[in-house]
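Novice: The following block contains the structure, expressed as structure tokens.
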Amino acid sequence: MKNLERKKLSKMLADLNAPRASGTAYSVATVLPVLFSFAFLTFIAITGLAKGDYGSSDWFLYASFLIPEIAFVCVVFFFIKSGQVTVKETFKGARLKYFVLAIVLQIGLLSLSELNTWFLRLLGGIGYDEQAILIPSMDGFGFVGVLLVIAVFPAVFEEIVFRGLILKGLKECKEIVAVLICGALFALYHQKPEQTVYQFCCGVAFALVALRSGSILPTVVAHFLNNAWILTMSKFSLSLDSIYVPFLCFSALCLVGSLAYLLFFDKTEKTGNLKTSNEKTVIKDFLIYGAIGISVCALSWILALISGL
């Protein structure tokens, strides 16, 4: 019976066109973690594990970070099984210059810290307090475990889903439309008001690199470096205060330079600039099938904002 249900699901996915399949990917990738989290919380409540200050315990925090990645693995598995995407297509290689560009671009994105600070002040104007993100202990080998669940796994699986499955269905749109939608959905997925601007910029930048390179591998590297940088700075209590202005200038130059090259000098065929006469239909199909996921994330974002007031 279960095998029959899986076959029906695979057939349903296989019958969808690219925009609908991508919209479905977003909905499933955002709803599945909610269902898994509910099942997990129910389990620990029934078994008596939910006692004391369990919410800040390492085992609970590891589970909290792993649940979305497990959900992403399930999404990727079913989409590969349905034939919507292949392993070869997913891990297609890229030219070396795109790895270099992705790294330089990621360094450049760090200059947006001031923009993020401005947005936090804007939220603070309505009474919002930035919510601390709890992570497992990084003492000793704990740092390796935290790197895996916060840097390695998200870099791989989020890129497969967002710059792979989701972006694929938007390739018939104008490049600017595709990257903006992908960036907006990426920011919304994280459901954290204080991270909205930075995550949007990262999502747009990663989508642009993925479209130009025709591969998610450069963005996997950039995504990993972004998360690993933040964790490393926290682990070793490092600060850039003494060189803040020079670093900010250098980072801004990296951002402007890498974007200028990608937008104006990159001669590679633009895989994401295949605008057709049915662009509106593509966007409509994508948004209709992604509506459930968009609604769930938007509601979570609003609730997070309210809880911080």
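If you're wondering about the labels, chains in the structure tokens are A, B, ... by order shown, residues count from 1 in each chain, ligands from 1 in order shown.
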Counting only C-alpha atoms, what are the residues of region 42-127 of chain A within 12 Å of region 141-146 of chain A, and for each of them which pair of atoms is the nearest and at what distance in Å, to one decimal? Sort the table by chain and rising number, as a Markdown table.

Specialist:
| residue | atom | partner | partner_atom | distance |
| --- | --- | --- | --- | --- |
| A:Asp58 | CA | A:Gly142 | CA | 9.6 |
| A:Trp59 | CA | A:Gly145 | CA | 11.3 |
| A:Leu61 | CA | A:Val146 | CA | 9.9 |
| A:Tyr62 | CA | A:Val146 | CA | 8.0 |
| A:Ala63 | CA | A:Val146 | CA | 11.5 |
| A:Ser64 | CA | A:Val146 | CA | 11.9 |
| A:Phe65 | CA | A:Val146 | CA | 9.3 |
| A:Leu66 | CA | A:Val146 | CA | 10.5 |

Novice: With C-alpha atoms retained, export the selected residues as a CSV table (one decimal), in the first residue's frame.

Specialist:
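File out-v8.csv, as written:
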chain,number,residue,atom,x,y,z
A,58,ASP,CA,22.1,20.4,23.1
A,59,TRP,CA,20.0,17.4,22.0
A,61,LEU,CA,18.9,22.3,19.6
A,62,TYR,CA,20.6,19.7,17.3
A,63,ALA,CA,17.2,18.2,16.5
A,64,SER,CA,15.7,21.7,15.8
A,65,PHE,CA,18.4,22.3,13.2
A,66,LEU,CA,18.3,18.9,11.7

Novice: Could you list, with a cut-off of 8 Å and counting only C-alpha atoms, the residues of region 14-115 of chain A near region 194-205 of chain A, each shown with its nearest atom pair and the distance in Å rounded to one decimal, rows sorted by chain and ascending number, as a tab-separated table?

Specialist:
residue	atom	partner	partner_atom	distance
A:Leu105	CA	A:Ala205	CA	7.7
A:Leu109	CA	A:Cys202	CA	7.1
A:Leu112	CA	A:Tyr198	CA	6.9
A:Ser113	CA	A:Tyr198	CA	7.7
A:Leu115	CA	A:Val197	CA	7.6

Novice: Produce a file of the selected residues containing N, CA and C atoms, as a PDB file, in the first residue's frame.

Specialist:
ATOM      1  N   LEU A 105      31.801  37.306  -4.000  1.00  0.00           N
ATOM      2  CA  LEU A 105      30.469  37.872  -3.772  1.00  0.00           C
ATOM      3  C   LEU A 105      30.035  37.686  -2.322  1.00  0.00           C
ATOM      4  N   LEU A 109      28.948  40.428   0.415  1.00  0.00           N
ATOM      5  CA  LEU A 109      27.659  40.479   1.115  1.00  0.00           C
ATOM      6  C   LEU A 109      27.814  40.855   2.588  1.00  0.00           C
ATOM      7  N   LEU A 112      26.888  44.291   3.828  1.00  0.00           N
ATOM      8  CA  LEU A 112      25.488  44.659   4.022  1.00  0.00           C
ATOM      9  C   LEU A 112      25.084  44.652   5.492  1.00  0.00           C
ATOM     10  N   SER A 113      26.057  44.456   6.366  1.00  0.00           N
ATOM     11  CA  SER A 113      25.753  44.458   7.803  1.00  0.00           C
ATOM     12  C   SER A 113      25.134  45.787   8.227  1.00  0.00           C
ATOM     13  N   LEU A 115      23.258  47.682   6.341  1.00  0.00           N
ATOM     14  CA  LEU A 115      21.871  47.663   5.870  1.00  0.00           C
ATOM     15  C   LEU A 115      21.002  46.864   6.828  1.00  0.00           C
TER      16      LEU A 115
END

Novice: Kindly give the distance, in Å, that separates CA of Ser82 (chain A) and CA of Phe224 (chain A), rounded to a single decimal.

Specialist: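 Between CA of Ser82 (chain A) and CA of Phe224 (chain A) the gap is 28.3 Å.
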
Novice: Nearest to Ala210 (chain A): which of A:Leu101, A:Ile302, A:Ile44, A:Ile135 is it, counting only C-alpha atoms?

Specialist: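 Checking each of A:Leu101, A:Ile302, A:Ile44, A:Ile135 against Ala210 (chain A), counting only C-alpha atoms, the winner is A:Leu101.
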
Novice: List every residue of region 126-257 of chain A that DSSP, applied to the backbone, labels as alpha helix (DSSP H), and write the result as number ranges by chain.

Specialist: A: 142-147, 153-159, 167-168, 175-190, 196-213, 217-235, 244-257

Novice: Quick one: everything within 12 Å of Lys280 (chain A), counting only C-alpha atoms, minus sequence neighbours fewer than 3 positions away in the same chain. Send it as an MDAnalysis selection string.

Specialist: chainID A and resid 19 170 172:174 177:178 275:277 283:287

Novice: Please dump the current selection as an mmCIF file, in the first residue's frame; keep N, CA and C atoms.

Specialist:
data_model
loop_
_atom_site.group_PDB
_atom_site.id
_atom_site.type_symbol
_atom_site.label_atom_id
_atom_site.label_comp_id
_atom_site.auth_asym_id
_atom_site.auth_seq_id
_atom_site.Cartn_x
_atom_site.Cartn_y
_atom_site.Cartn_z
ATOM 1 N N PRO A 19 7.289 25.090 -13.644
ATOM 2 C CA PRO A 19 6.871 26.092 -12.654
ATOM 3 C C PRO A 19 6.002 25.507 -11.546
ATOM 4 N N LEU A 170 11.648 28.778 -12.654
ATOM 5 C CA LEU A 170 11.547 30.204 -12.969
ATOM 6 C C LEU A 170 12.462 30.613 -14.118
ATOM 7 N N GLU A 172 12.191 30.387 -17.212
ATOM 8 C CA GLU A 172 11.559 30.972 -18.389
ATOM 9 C C GLU A 172 11.184 32.433 -18.154
ATOM 10 N N CYS A 173 11.426 32.915 -16.953
ATOM 11 C CA CYS A 173 11.173 34.325 -16.639
ATOM 12 C C CYS A 173 12.417 35.153 -16.962
ATOM 13 N N LYS A 174 12.239 36.458 -16.999
ATOM 14 C CA LYS A 174 13.395 37.329 -17.116
ATOM 15 C C LYS A 174 14.307 37.075 -15.920
ATOM 16 N N VAL A 177 13.509 38.883 -12.711
ATOM 17 C CA VAL A 177 12.294 38.371 -12.068
ATOM 18 C C VAL A 177 12.600 37.081 -11.319
ATOM 19 N N ALA A 178 13.341 36.193 -11.974
ATOM 20 C CA ALA A 178 13.669 34.898 -11.371
ATOM 21 C C ALA A 178 14.473 35.059 -10.086
ATOM 22 N N LYS A 275 13.266 34.423 -21.302
ATOM 23 C CA LYS A 275 11.905 34.957 -21.223
ATOM 24 C C LYS A 275 11.088 34.549 -22.445
ATOM 25 N N THR A 276 9.907 34.045 -22.184
ATOM 26 C CA THR A 276 9.015 33.649 -23.259
ATOM 27 C C THR A 276 7.717 34.436 -23.137
ATOM 28 N N SER A 277 6.856 34.260 -24.119
ATOM 29 C CA SER A 277 5.595 34.999 -24.126
ATOM 30 C C SER A 277 4.662 34.574 -23.002
ATOM 31 N N ILE A 283 4.808 32.483 -13.870
ATOM 32 C CA ILE A 283 4.772 33.052 -12.518
ATOM 33 C C ILE A 283 3.481 32.662 -11.801
ATOM 34 N N LYS A 284 2.370 32.715 -12.535
ATOM 35 C CA LYS A 284 1.075 32.358 -11.950
ATOM 36 C C LYS A 284 1.071 30.903 -11.488
ATOM 37 N N ASP A 285 1.532 29.990 -12.354
ATOM 38 C CA ASP A 285 1.586 28.571 -11.986
ATOM 39 C C ASP A 285 2.475 28.362 -10.770
ATOM 40 N N PHE A 286 3.630 29.019 -10.781
ATOM 41 C CA PHE A 286 4.577 28.863 -9.682
ATOM 42 C C PHE A 286 3.960 29.331 -8.366
ATOM 43 N N LEU A 287 3.354 30.511 -8.381
ATOM 44 C CA LEU A 287 2.806 31.082 -7.150
ATOM 45 C C LEU A 287 1.589 30.316 -6.642
#

Novice: Pick out the closest residue to Ser237 (chain A) from this set: A:Ile160, A:Val76, A:Met138, A:Cys254. Count only C-alpha atoms.

Specialist: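 The closest residue to Ser237 (chain A) is A:Met138.
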
Novice: Could you tell me which of A:Leu299, A:Pro218, A:Ala102, A:Ile176 comes closest to Leu263 (chain A) if we count only C-alpha atoms?

Specialist: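 Nearest candidate to Leu263 (chain A) out of A:Leu299, A:Pro218, A:Ala102, A:Ile176: A:Ile176.
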
Novice: Could you work out how far CA of Thr30 (chain A) lies from CA of Val296 (chain A), giving the answer in Å with one decimal?

Specialist: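 About the pair CA of Val296 (chain A) and CA of Thr30 (chain A): they are 7.3 Å apart.
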
Novice: Neighbouring residues of Tyr244 (chain A) were defined as those with any atom within 12 Å, considering only C-alpha atoms; residues of the same chain fewer than 4 positions away were excluded. Please report them as an NGL selection string.

Specialist: :A and (110-111 or 113-114 or 239-240 or 248-252)

Novice: Write the residues you've just listed into a file as a compact mmCIF listing (two decimals), in the first residue's frame, and include N, CA and C atoms for each of them.

Specialist:
# COMPACT_ATOMS: atom_id res chain seq x y z
N LEU A 110 29.01 40.63 3.14
CA LEU A 110 29.25 41.00 4.54
C LEU A 110 29.16 42.51 4.74
N SER A 111 29.36 43.26 3.66
CA SER A 111 29.28 44.72 3.77
C SER A 111 27.85 45.19 4.01
N SER A 113 26.06 44.46 6.37
CA SER A 113 25.75 44.46 7.80
C SER A 113 25.13 45.79 8.23
N GLU A 114 25.58 46.88 7.59
CA GLU A 114 25.02 48.19 7.93
C GLU A 114 23.56 48.28 7.50
N SER A 239 36.56 39.71 16.54
CA SER A 239 35.89 40.98 16.24
C SER A 239 36.66 41.73 15.16
N LEU A 240 35.93 42.44 14.31
CA LEU A 240 36.55 43.25 13.26
C LEU A 240 36.52 44.73 13.62
N LEU A 248 35.02 47.01 5.74
CA LEU A 248 33.74 47.36 5.12
C LEU A 248 33.97 47.86 3.69
N CYS A 249 35.00 48.67 3.50
CA CYS A 249 35.32 49.19 2.16
C CYS A 249 35.74 48.05 1.24
N PHE A 250 36.60 47.17 1.75
CA PHE A 250 37.05 46.03 0.95
C PHE A 250 35.88 45.13 0.58
N SER A 251 35.03 44.87 1.55
CA SER A 251 33.86 44.02 1.31
C SER A 251 32.93 44.65 0.28
N ALA A 252 32.71 45.96 0.39
CA ALA A 252 31.84 46.66 -0.56
C ALA A 252 32.41 46.59 -1.97

Novice: Looking at A:Phe38, A:Phe186, A:Phe60, A:Phe265, which one is nearest to Tyr26 (chain A), with distances taken over only C-alpha atoms?

Specialist: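 Distance minimum relative to Tyr26 (chain A) lands on A:Phe186.
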
Novice: Skipping near chain neighbours, those fewer than 4 positions away, what residues fall within 12 Å of Lys267 (chain A) using only C-alpha atoms, listed as JSON, numbers by chain?

Specialist: {"A": [97, 212, 213, 261, 262, 263, 271]}

Novice: Take the residues from that selection and put them in a file with N, CA and C atoms, as a compact mmCIF listing (two decimals), in the first residue's frame.

Specialist:
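Output saved as part_4.txt:
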# COMPACT_ATOMS: atom_id res chain seq x y z
N LYS A 97 35.86 29.96 -12.51
CA LYS A 97 35.65 31.39 -12.26
C LYS A 97 34.38 31.64 -11.44
N ARG A 212 23.91 32.02 -13.84
CA ARG A 212 25.02 32.29 -14.75
C ARG A 212 25.96 31.09 -14.88
N SER A 213 26.15 30.37 -13.78
CA SER A 213 27.07 29.22 -13.81
C SER A 213 26.40 27.95 -14.29
N TYR A 261 30.74 42.35 -12.70
CA TYR A 261 31.22 41.35 -13.66
C TYR A 261 30.08 40.45 -14.12
N LEU A 262 29.31 39.93 -13.17
CA LEU A 262 28.21 39.02 -13.52
C LEU A 262 27.16 39.69 -14.40
N LEU A 263 26.87 40.95 -14.12
CA LEU A 263 25.80 41.64 -14.83
C LEU A 263 26.23 42.21 -16.18
N THR A 271 21.58 31.34 -18.70
CA THR A 271 20.57 30.27 -18.62
C THR A 271 19.28 30.75 -18.00
